[in-house]
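Report on the following structure.
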Number of protein chains: 2
Amino acid sequence: MAVTTRERVKRAAVKLFAAKGFHGTGIRDLAQEAKLSSASLYHYMGTKEELLAEIMCDSLGALLESAKQAVAGVTDPGQRLSRLVALHVTTHARQPKETRVVDHEIGVLSPKARRAVVGLRDEYERLWSDAIADGVSEGVFDTAEPAITRIALLEMCNGVARWYSPKGTLSLDALAGHYVRLAMRALGVGDDRHAVS
Amino acid sequence: MAVTTRERVKRAAVKLFAAKGFHGTGIRDLAQEAKLSSASLYHYMGTKEELLAEIMCDSLGALLESAKQAVAGVTDPGQRLSRLVALHVTTHARQPKETRVVDHEIGVLSPKARRAVVGLRDEYERLWSDAIADGVSEGVFDTAEPAITRIALLEMCNGVARWYSPKGTLSLDALAGHYVRLAMRALGVGDDRHAVS
DNA sequence: AAGAGACTATCGATCGATCGATCGCGTCGC
DNA sequence: GCGACGCGATCGATCGATCGATAGTCTCTT
């Protein structure tokens with residue numbers, strides 16, 4: 001038994017929240033998926049909403065940490081944004097359920113929990129903003145509306161979680177590479193010198 | 001009284017489904033928003049799910065018709081896709097609630113209703129596919145993966161519904177123009193000659 | 001003109017089902 | 001015997017949906 005019961009509960013929640021939504025998932029569904037009674041469930045979680053908040057913070061926090069590592073010490077803005085795009089795409093392709101829950105159920109949270117999640121998301125998006133702003137001021141990127149371009153690119157990459165299947169013909173690396181190319185082009189960078197290295 | 005009661009019910013549903021989700025919205029919430037008792041509600045709708053399906057078909061059907069008109073007789077693929085992007089963006093900015101419901105609650109529908117909605121969506125996306133395929137075969141567009149590029153662009157444009165506010169400084173036309181430019185660049189088209197005319 | 005019948009719109013009351021959450025009790029290992 | 005772990009039973013609340021009743025309006029009949 002490599003997984004703790006608590007982990008089993010979280011995975012069950014991620015699966016069901018992603019498939020049926022938070023309000024569409026009952027405590028009893030959760031219990032069945034986690035192979036527990038609905039009463040035992042409460043030994044491993046607070047309320048249903050607290051469980052949702054934990055899942056969101058876990059997922060977003062992990063993405064944020066990975067992103068910080070990916071850009072740490074990288075000075076070239078093009079390279080920095082390329083890494084952010086590649087990481088974002090591969091993460092969304094590998095963990096579509098987690099990211100769907102994060103993107104989809106923020107409105108369910110109480111104001112307090114929402115602030116925590118939104119704070120993490122803002123910190124993550126700041127990495128994108130900085131890379132884009134640096135690229136613009138260095139003359140590498142060309143965009144009239146950096147803020148809108150950032151959101152557009154983020155949304156573009158978010159979509160991966162809604163359709164990507166590992167059974168397709170495209171490898172994760174090829175997928176990420178394609179999105180990096182799309183993003184760089186959108187920022188006015190030519191088709192050379194933006195491979196992730 | 002310019003609006004029928006039935007229209008009032010639909011608008012209430014769009015507002016609440018977009019804000020709290022289908023499962024997060026109760027019949028009594030709906031009744032209150034529509035200024036009716038929950039019993040009277042059922043004189044203007046079938047089940048709650050049928051109401052959702054109607055809203056989705058209405059919204060998607062209108063978008064599909066507008067899109068068909070926008071590209072009718074337009075032969076240049078770049079121009080065709082530009083018009084599709086502009087229409088998509090302005091529609092999502094003008095009717096964020098409707099599009100949020102469509103994008104967000106498809107999984108709630110029964111298989112039969114879902115087929116109808118997905119059919120409309122596929123027909124709409126076909127317009128994009130055709131424009132992109134034509135552009136590639138004519139050498140106007142440059143993309144290694146047309147299908148992925150199409151999805152990426154669609155998701156990018158969908159995002160508008162999640163953040164655009166008419167109170168911002170950007171006009172609808174400027175917004176649409178920016179997205180058209182992003183899309184054209186992503187397809188390898190230079191910054192000239194892709195204004196919507 | 002008067003009334004019968006049909007139809008529309010609206011409601012309070014209520015149905016059985018399910019919701020999230022809790023209680024008390026058993027069963028282990030330490 | 002004391003926590004951690006587990007479950008059946010059950011709590012009050014709310015869910016989606018339906019019932020029968022009450023007006024109001026229109027049409028048809030006499």
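Here, A, B, ... name the chains of the structure tokens in the order displayed, residue numbers run from 1 inside each chain, and ligands are numbered from 1 in the same displayed order.
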
Could you write out as a PDB file with C-alpha atoms, in the first residue's frame the residues of chain B within 9 Å of chain C, counting only C-alpha atoms (C1' of nucleotides)?
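Result saved to out-v8.pdb:
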ATOM      1  CA  LEU B  36     -42.073  33.856  -9.521  1.00  0.00           C
ATOM      2  CA  SER B  37     -42.922  31.044  -7.161  1.00  0.00           C
ATOM      3  CA  ALA B  39     -44.350  26.248  -8.808  1.00  0.00           C
ATOM      4  CA  SER B  40     -45.084  28.888 -11.439  1.00  0.00           C
ATOM      5  CA  HIS B  43     -45.315  26.726 -16.499  1.00  0.00           C
TER       6      HIS B  43
END

Both chains have the same sequence, so superpose chain A on chain B over all Cα atoms paired in order and return it as a PDB file with C-alpha atoms, in the first residue's frame.
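Saved the output as superposed-v1.pdb:
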ATOM      1  CA  MET A   1     -43.281  45.235 -20.527  1.00  0.00           C
ATOM      2  CA  ALA A   2     -40.982  44.376 -23.351  1.00  0.00           C
ATOM      3  CA  VAL A   3     -39.842  41.009 -22.046  1.00  0.00           C
ATOM      4  CA  THR A   4     -42.008  37.961 -21.795  1.00  0.00           C
ATOM      5  CA  THR A   5     -42.056  35.994 -18.576  1.00  0.00           C
ATOM      6  CA  ARG A   6     -40.412  33.124 -20.329  1.00  0.00           C
ATOM      7  CA  GLU A   7     -37.578  35.390 -21.382  1.00  0.00           C
ATOM      8  CA  ARG A   8     -37.261  36.566 -17.792  1.00  0.00           C
ATOM      9  CA  VAL A   9     -36.909  32.971 -16.653  1.00  0.00           C
ATOM     10  CA  LYS A  10     -34.227  32.281 -19.222  1.00  0.00           C
ATOM     11  CA  ARG A  11     -32.263  35.365 -18.267  1.00  0.00           C
ATOM     12  CA  ALA A  12     -32.474  34.494 -14.613  1.00  0.00           C
ATOM     13  CA  ALA A  13     -31.182  31.021 -15.412  1.00  0.00           C
ATOM     14  CA  VAL A  14     -28.323  32.346 -17.500  1.00  0.00           C
ATOM     15  CA  LYS A  15     -27.319  34.728 -14.746  1.00  0.00           C
ATOM     16  CA  LEU A  16     -27.406  32.159 -11.973  1.00  0.00           C
ATOM     17  CA  PHE A  17     -25.999  29.225 -13.930  1.00  0.00           C
ATOM     18  CA  ALA A  18     -23.081  31.404 -14.962  1.00  0.00           C
ATOM     19  CA  ALA A  19     -22.485  32.684 -11.444  1.00  0.00           C
ATOM     20  CA  LYS A  20     -23.024  29.561  -9.357  1.00  0.00           C
ATOM     21  CA  GLY A  21     -23.116  26.710 -11.817  1.00  0.00           C
ATOM     22  CA  PHE A  22     -26.025  24.457 -12.750  1.00  0.00           C
ATOM     23  CA  HIS A  23     -25.851  22.228  -9.685  1.00  0.00           C
ATOM     24  CA  GLY A  24     -25.148  25.219  -7.469  1.00  0.00           C
ATOM     25  CA  THR A  25     -28.361  26.916  -8.537  1.00  0.00           C
ATOM     26  CA  GLY A  26     -31.593  25.783  -6.892  1.00  0.00           C
ATOM     27  CA  ILE A  27     -35.079  25.958  -8.306  1.00  0.00           C
ATOM     28  CA  ARG A  28     -35.929  28.426  -5.572  1.00  0.00           C
ATOM     29  CA  ASP A  29     -32.993  30.668  -6.473  1.00  0.00           C
ATOM     30  CA  LEU A  30     -34.230  30.615 -10.026  1.00  0.00           C
ATOM     31  CA  ALA A  31     -37.764  31.472  -8.981  1.00  0.00           C
ATOM     32  CA  GLN A  32     -36.634  34.391  -6.835  1.00  0.00           C
ATOM     33  CA  GLU A  33     -34.441  35.808  -9.585  1.00  0.00           C
ATOM     34  CA  ALA A  34     -37.290  35.523 -12.085  1.00  0.00           C
ATOM     35  CA  LYS A  35     -39.790  36.965  -9.591  1.00  0.00           C
ATOM     36  CA  LEU A  36     -41.989  33.925  -9.596  1.00  0.00           C
ATOM     37  CA  SER A  37     -42.873  31.126  -7.232  1.00  0.00           C
ATOM     38  CA  SER A  38     -41.041  27.887  -7.771  1.00  0.00           C
ATOM     39  CA  ALA A  39     -44.329  26.320  -8.841  1.00  0.00           C
ATOM     40  CA  SER A  40     -45.058  28.964 -11.480  1.00  0.00           C
ATOM     41  CA  LEU A  41     -41.591  28.437 -12.860  1.00  0.00           C
ATOM     42  CA  TYR A  42     -42.765  25.139 -14.286  1.00  0.00           C
ATOM     43  CA  HIS A  43     -45.308  26.863 -16.499  1.00  0.00           C
ATOM     44  CA  TYR A  44     -42.390  28.221 -18.526  1.00  0.00           C
ATOM     45  CA  MET A  45     -39.942  25.354 -18.554  1.00  0.00           C
ATOM     46  CA  GLY A  46     -39.696  21.594 -18.532  1.00  0.00           C
ATOM     47  CA  THR A  47     -37.133  20.307 -16.118  1.00  0.00           C
ATOM     48  CA  LYS A  48     -34.175  22.323 -14.936  1.00  0.00           C
ATOM     49  CA  GLU A  49     -31.953  20.384 -17.280  1.00  0.00           C
ATOM     50  CA  GLU A  50     -34.194  21.077 -20.278  1.00  0.00           C
ATOM     51  CA  LEU A  51     -33.938  24.767 -19.467  1.00  0.00           C
ATOM     52  CA  LEU A  52     -30.159  24.484 -19.477  1.00  0.00           C
ATOM     53  CA  ALA A  53     -30.186  22.668 -22.806  1.00  0.00           C
ATOM     54  CA  GLU A  54     -32.399  25.350 -24.354  1.00  0.00           C
ATOM     55  CA  ILE A  55     -30.095  28.105 -23.188  1.00  0.00           C
ATOM     56  CA  MET A  56     -27.089  26.337 -24.625  1.00  0.00           C
ATOM     57  CA  CYS A  57     -28.716  25.644 -27.974  1.00  0.00           C
ATOM     58  CA  ASP A  58     -29.999  29.216 -28.203  1.00  0.00           C
ATOM     59  CA  SER A  59     -26.602  30.708 -27.553  1.00  0.00           C
ATOM     60  CA  LEU A  60     -24.607  28.307 -29.677  1.00  0.00           C
ATOM     61  CA  GLY A  61     -27.158  28.422 -32.473  1.00  0.00           C
ATOM     62  CA  ALA A  62     -27.060  32.211 -32.606  1.00  0.00           C
ATOM     63  CA  LEU A  63     -23.271  32.199 -32.688  1.00  0.00           C
ATOM     64  CA  LEU A  64     -23.264  29.602 -35.433  1.00  0.00           C
ATOM     65  CA  GLU A  65     -25.687  31.589 -37.580  1.00  0.00           C
ATOM     66  CA  SER A  66     -23.744  34.799 -37.103  1.00  0.00           C
ATOM     67  CA  ALA A  67     -20.555  33.017 -38.012  1.00  0.00           C
ATOM     68  CA  LYS A  68     -22.039  31.540 -41.156  1.00  0.00           C
ATOM     69  CA  GLN A  69     -23.185  34.996 -42.229  1.00  0.00           C
ATOM     70  CA  ALA A  70     -19.836  36.529 -41.371  1.00  0.00           C
ATOM     71  CA  VAL A  71     -17.893  34.200 -43.651  1.00  0.00           C
ATOM     72  CA  ALA A  72     -20.504  33.772 -46.381  1.00  0.00           C
ATOM     73  CA  GLY A  73     -18.948  34.596 -49.716  1.00  0.00           C
ATOM     74  CA  VAL A  74     -15.580  35.494 -48.245  1.00  0.00           C
ATOM     75  CA  THR A  75     -12.936  33.580 -50.147  1.00  0.00           C
ATOM     76  CA  ASP A  76      -9.684  34.767 -48.584  1.00  0.00           C
ATOM     77  CA  PRO A  77      -8.900  32.376 -45.711  1.00  0.00           C
ATOM     78  CA  GLY A  78      -7.101  35.053 -43.699  1.00  0.00           C
ATOM     79  CA  GLN A  79     -10.082  37.334 -43.953  1.00  0.00           C
ATOM     80  CA  ARG A  80     -12.424  34.478 -43.101  1.00  0.00           C
ATOM     81  CA  LEU A  81     -10.571  33.488 -39.968  1.00  0.00           C
ATOM     82  CA  SER A  82     -10.149  37.103 -38.943  1.00  0.00           C
ATOM     83  CA  ARG A  83     -13.888  37.562 -39.061  1.00  0.00           C
ATOM     84  CA  LEU A  84     -14.458  34.383 -37.087  1.00  0.00           C
ATOM     85  CA  VAL A  85     -12.038  35.509 -34.406  1.00  0.00           C
ATOM     86  CA  ALA A  86     -13.531  38.998 -34.226  1.00  0.00           C
ATOM     87  CA  LEU A  87     -17.064  37.638 -33.995  1.00  0.00           C
ATOM     88  CA  HIS A  88     -16.109  35.058 -31.403  1.00  0.00           C
ATOM     89  CA  VAL A  89     -14.342  37.611 -29.231  1.00  0.00           C
ATOM     90  CA  THR A  90     -17.056  40.248 -29.386  1.00  0.00           C
ATOM     91  CA  THR A  91     -19.743  37.673 -28.705  1.00  0.00           C
ATOM     92  CA  HIS A  92     -17.890  36.326 -25.688  1.00  0.00           C
ATOM     93  CA  ALA A  93     -17.255  39.852 -24.420  1.00  0.00           C
ATOM     94  CA  ARG A  94     -20.848  40.943 -24.878  1.00  0.00           C
ATOM     95  CA  GLN A  95     -22.474  37.786 -23.562  1.00  0.00           C
ATOM     96  CA  PRO A  96     -20.005  36.365 -21.080  1.00  0.00           C
ATOM     97  CA  LYS A  97     -22.681  34.669 -19.034  1.00  0.00           C
ATOM     98  CA  GLU A  98     -24.198  32.730 -21.907  1.00  0.00           C
ATOM     99  CA  THR A  99     -20.855  31.570 -23.179  1.00  0.00           C
ATOM    100  CA  ARG A 100     -19.674  30.604 -19.739  1.00  0.00           C
ATOM    101  CA  VAL A 101     -22.686  28.370 -19.338  1.00  0.00           C
ATOM    102  CA  VAL A 102     -22.100  26.788 -22.726  1.00  0.00           C
ATOM    103  CA  ASP A 103     -18.408  26.211 -22.121  1.00  0.00           C
ATOM    104  CA  HIS A 104     -18.837  25.073 -18.580  1.00  0.00           C
ATOM    105  CA  GLU A 105     -21.902  22.918 -18.122  1.00  0.00           C
ATOM    106  CA  ILE A 106     -21.892  20.601 -21.111  1.00  0.00           C
ATOM    107  CA  GLY A 107     -21.015  17.663 -18.879  1.00  0.00           C
ATOM    108  CA  VAL A 108     -24.266  18.079 -16.965  1.00  0.00           C
ATOM    109  CA  LEU A 109     -26.503  17.307 -19.912  1.00  0.00           C
ATOM    110  CA  SER A 110     -27.986  13.906 -20.582  1.00  0.00           C
ATOM    111  CA  PRO A 111     -26.368  12.056 -23.482  1.00  0.00           C
ATOM    112  CA  LYS A 112     -29.140  13.006 -25.881  1.00  0.00           C
ATOM    113  CA  ALA A 113     -29.120  16.708 -25.119  1.00  0.00           C
ATOM    114  CA  ARG A 114     -25.344  16.695 -25.075  1.00  0.00           C
ATOM    115  CA  ARG A 115     -25.242  15.277 -28.568  1.00  0.00           C
ATOM    116  CA  ALA A 116     -27.338  18.172 -29.842  1.00  0.00           C
ATOM    117  CA  VAL A 117     -25.136  20.784 -28.215  1.00  0.00           C
ATOM    118  CA  VAL A 118     -21.908  19.104 -29.240  1.00  0.00           C
ATOM    119  CA  GLY A 119     -23.249  18.837 -32.770  1.00  0.00           C
ATOM    120  CA  LEU A 120     -23.762  22.591 -32.920  1.00  0.00           C
ATOM    121  CA  ARG A 121     -20.331  23.198 -31.466  1.00  0.00           C
ATOM    122  CA  ASP A 122     -18.720  20.873 -33.980  1.00  0.00           C
ATOM    123  CA  GLU A 123     -20.489  22.610 -36.833  1.00  0.00           C
ATOM    124  CA  TYR A 124     -19.224  25.939 -35.547  1.00  0.00           C
ATOM    125  CA  GLU A 125     -15.676  24.723 -35.121  1.00  0.00           C
ATOM    126  CA  ARG A 126     -15.825  23.314 -38.614  1.00  0.00           C
ATOM    127  CA  LEU A 127     -15.941  26.873 -39.904  1.00  0.00           C
ATOM    128  CA  TRP A 128     -12.647  27.472 -38.141  1.00  0.00           C
ATOM    129  CA  SER A 129     -11.153  24.232 -39.370  1.00  0.00           C
ATOM    130  CA  ASP A 130     -12.082  24.984 -42.970  1.00  0.00           C
ATOM    131  CA  ALA A 131     -10.672  28.484 -42.857  1.00  0.00           C
ATOM    132  CA  ILE A 132      -7.418  27.220 -41.369  1.00  0.00           C
ATOM    133  CA  ALA A 133      -7.158  24.284 -43.766  1.00  0.00           C
ATOM    134  CA  ASP A 134      -7.791  26.540 -46.770  1.00  0.00           C
ATOM    135  CA  GLY A 135      -5.239  29.006 -45.515  1.00  0.00           C
ATOM    136  CA  VAL A 136      -2.658  26.295 -45.117  1.00  0.00           C
ATOM    137  CA  SER A 137      -3.255  24.788 -48.561  1.00  0.00           C
ATOM    138  CA  GLU A 138      -3.109  28.255 -50.149  1.00  0.00           C
ATOM    139  CA  GLY A 139       0.153  28.951 -48.372  1.00  0.00           C
ATOM    140  CA  VAL A 140      -1.271  31.885 -46.418  1.00  0.00           C
ATOM    141  CA  PHE A 141      -1.036  30.150 -43.051  1.00  0.00           C
ATOM    142  CA  ASP A 142       1.921  28.282 -41.680  1.00  0.00           C
ATOM    143  CA  THR A 143       1.281  25.701 -38.957  1.00  0.00           C
ATOM    144  CA  ALA A 144       2.543  22.197 -38.425  1.00  0.00           C
ATOM    145  CA  GLU A 145      -0.540  21.078 -36.521  1.00  0.00           C
ATOM    146  CA  PRO A 146      -3.691  22.754 -37.850  1.00  0.00           C
ATOM    147  CA  ALA A 147      -6.012  20.881 -35.491  1.00  0.00           C
ATOM    148  CA  ILE A 148      -4.109  21.833 -32.382  1.00  0.00           C
ATOM    149  CA  THR A 149      -3.679  25.387 -33.537  1.00  0.00           C
ATOM    150  CA  ARG A 150      -7.420  25.628 -34.057  1.00  0.00           C
ATOM    151  CA  ILE A 151      -8.161  24.426 -30.549  1.00  0.00           C
ATOM    152  CA  ALA A 152      -5.520  26.672 -29.063  1.00  0.00           C
ATOM    153  CA  LEU A 153      -6.942  29.733 -30.804  1.00  0.00           C
ATOM    154  CA  LEU A 154     -10.496  28.827 -29.823  1.00  0.00           C
ATOM    155  CA  GLU A 155      -9.541  28.421 -26.193  1.00  0.00           C
ATOM    156  CA  MET A 156      -7.636  31.674 -26.305  1.00  0.00           C
ATOM    157  CA  CYS A 157     -10.739  33.467 -27.531  1.00  0.00           C
ATOM    158  CA  ASN A 158     -13.025  31.663 -25.092  1.00  0.00           C
ATOM    159  CA  GLY A 159     -11.064  33.173 -22.250  1.00  0.00           C
ATOM    160  CA  VAL A 160     -12.419  36.605 -23.065  1.00  0.00           C
ATOM    161  CA  ALA A 161     -15.702  35.707 -21.385  1.00  0.00           C
ATOM    162  CA  ARG A 162     -13.864  35.085 -18.124  1.00  0.00           C
ATOM    163  CA  TRP A 163     -12.268  38.484 -17.699  1.00  0.00           C
ATOM    164  CA  TYR A 164     -13.528  41.145 -20.077  1.00  0.00           C
ATOM    165  CA  SER A 165     -15.358  44.038 -18.488  1.00  0.00           C
ATOM    166  CA  PRO A 166     -16.994  46.828 -20.505  1.00  0.00           C
ATOM    167  CA  LYS A 167     -15.766  49.220 -17.819  1.00  0.00           C
ATOM    168  CA  GLY A 168     -12.175  48.752 -18.929  1.00  0.00           C
ATOM    169  CA  THR A 169     -10.401  51.171 -21.216  1.00  0.00           C
ATOM    170  CA  LEU A 170     -10.398  48.870 -24.224  1.00  0.00           C
ATOM    171  CA  SER A 171     -13.248  49.114 -26.689  1.00  0.00           C
ATOM    172  CA  LEU A 172     -14.791  45.998 -28.125  1.00  0.00           C
ATOM    173  CA  ASP A 173     -13.344  46.732 -31.554  1.00  0.00           C
ATOM    174  CA  ALA A 174      -9.867  47.250 -30.190  1.00  0.00           C
ATOM    175  CA  LEU A 175     -10.169  44.043 -28.201  1.00  0.00           C
ATOM    176  CA  ALA A 176     -11.289  42.065 -31.211  1.00  0.00           C
ATOM    177  CA  GLY A 177      -8.553  43.628 -33.306  1.00  0.00           C
ATOM    178  CA  HIS A 178      -5.945  42.595 -30.789  1.00  0.00           C
ATOM    179  CA  TYR A 179      -7.124  39.014 -30.782  1.00  0.00           C
ATOM    180  CA  VAL A 180      -7.222  38.953 -34.575  1.00  0.00           C
ATOM    181  CA  ARG A 181      -3.614  40.079 -34.600  1.00  0.00           C
ATOM    182  CA  LEU A 182      -2.630  37.416 -32.074  1.00  0.00           C
ATOM    183  CA  ALA A 183      -4.361  34.720 -34.115  1.00  0.00           C
ATOM    184  CA  MET A 184      -2.855  35.806 -37.397  1.00  0.00           C
ATOM    185  CA  ARG A 185       0.605  35.930 -35.912  1.00  0.00           C
ATOM    186  CA  ALA A 186       0.133  32.475 -34.434  1.00  0.00           C
ATOM    187  CA  LEU A 187      -0.679  31.296 -37.956  1.00  0.00           C
ATOM    188  CA  GLY A 188       2.478  32.834 -39.306  1.00  0.00           C
ATOM    189  CA  VAL A 189       0.839  35.777 -41.058  1.00  0.00           C
ATOM    190  CA  GLY A 190       2.724  39.076 -40.962  1.00  0.00           C
ATOM    191  CA  ASP A 191       1.298  42.133 -39.242  1.00  0.00           C
ATOM    192  CA  ASP A 192      -0.141  43.642 -42.419  1.00  0.00           C
ATOM    193  CA  ARG A 193      -3.330  43.106 -44.360  1.00  0.00           C
ATOM    194  CA  HIS A 194      -5.422  41.266 -41.795  1.00  0.00           C
ATOM    195  CA  ALA A 195      -7.769  43.991 -40.608  1.00  0.00           C
ATOM    196  CA  VAL A 196     -11.418  43.023 -40.664  1.00  0.00           C
ATOM    197  CA  SER A 197     -13.194  44.833 -43.445  1.00  0.00           C
TER     198      SER A 197
END

Just need the residues of chain D within 9 Å of chain A, counting only C-alpha atoms (C1' of nucleotides), so spit them out as a short mmCIF file (atom, residue, chain, number, x, y, z; two decimals) with C-alpha atoms (C1' of nucleotides), in the first residue's frame.
data_model
loop_
_atom_site.label_atom_id
_atom_site.label_comp_id
_atom_site.auth_asym_id
_atom_site.auth_seq_id
_atom_site.Cartn_x
_atom_site.Cartn_y
_atom_site.Cartn_z
"C1'" DC D 5 -9.82 4.01 12.16
"C1'" DG D 6 -14.09 2.39 10.57
"C1'" DC D 7 -19.22 1.93 9.97
#

DSSP-assigned helix (DSSP H, G or I) among chain B, expressed as a PyMOL selection string: chain B and resi 5-20+27-33+38-41+48-71+77-94+96-104+106-108+111-137+146-158+160-163+172-186
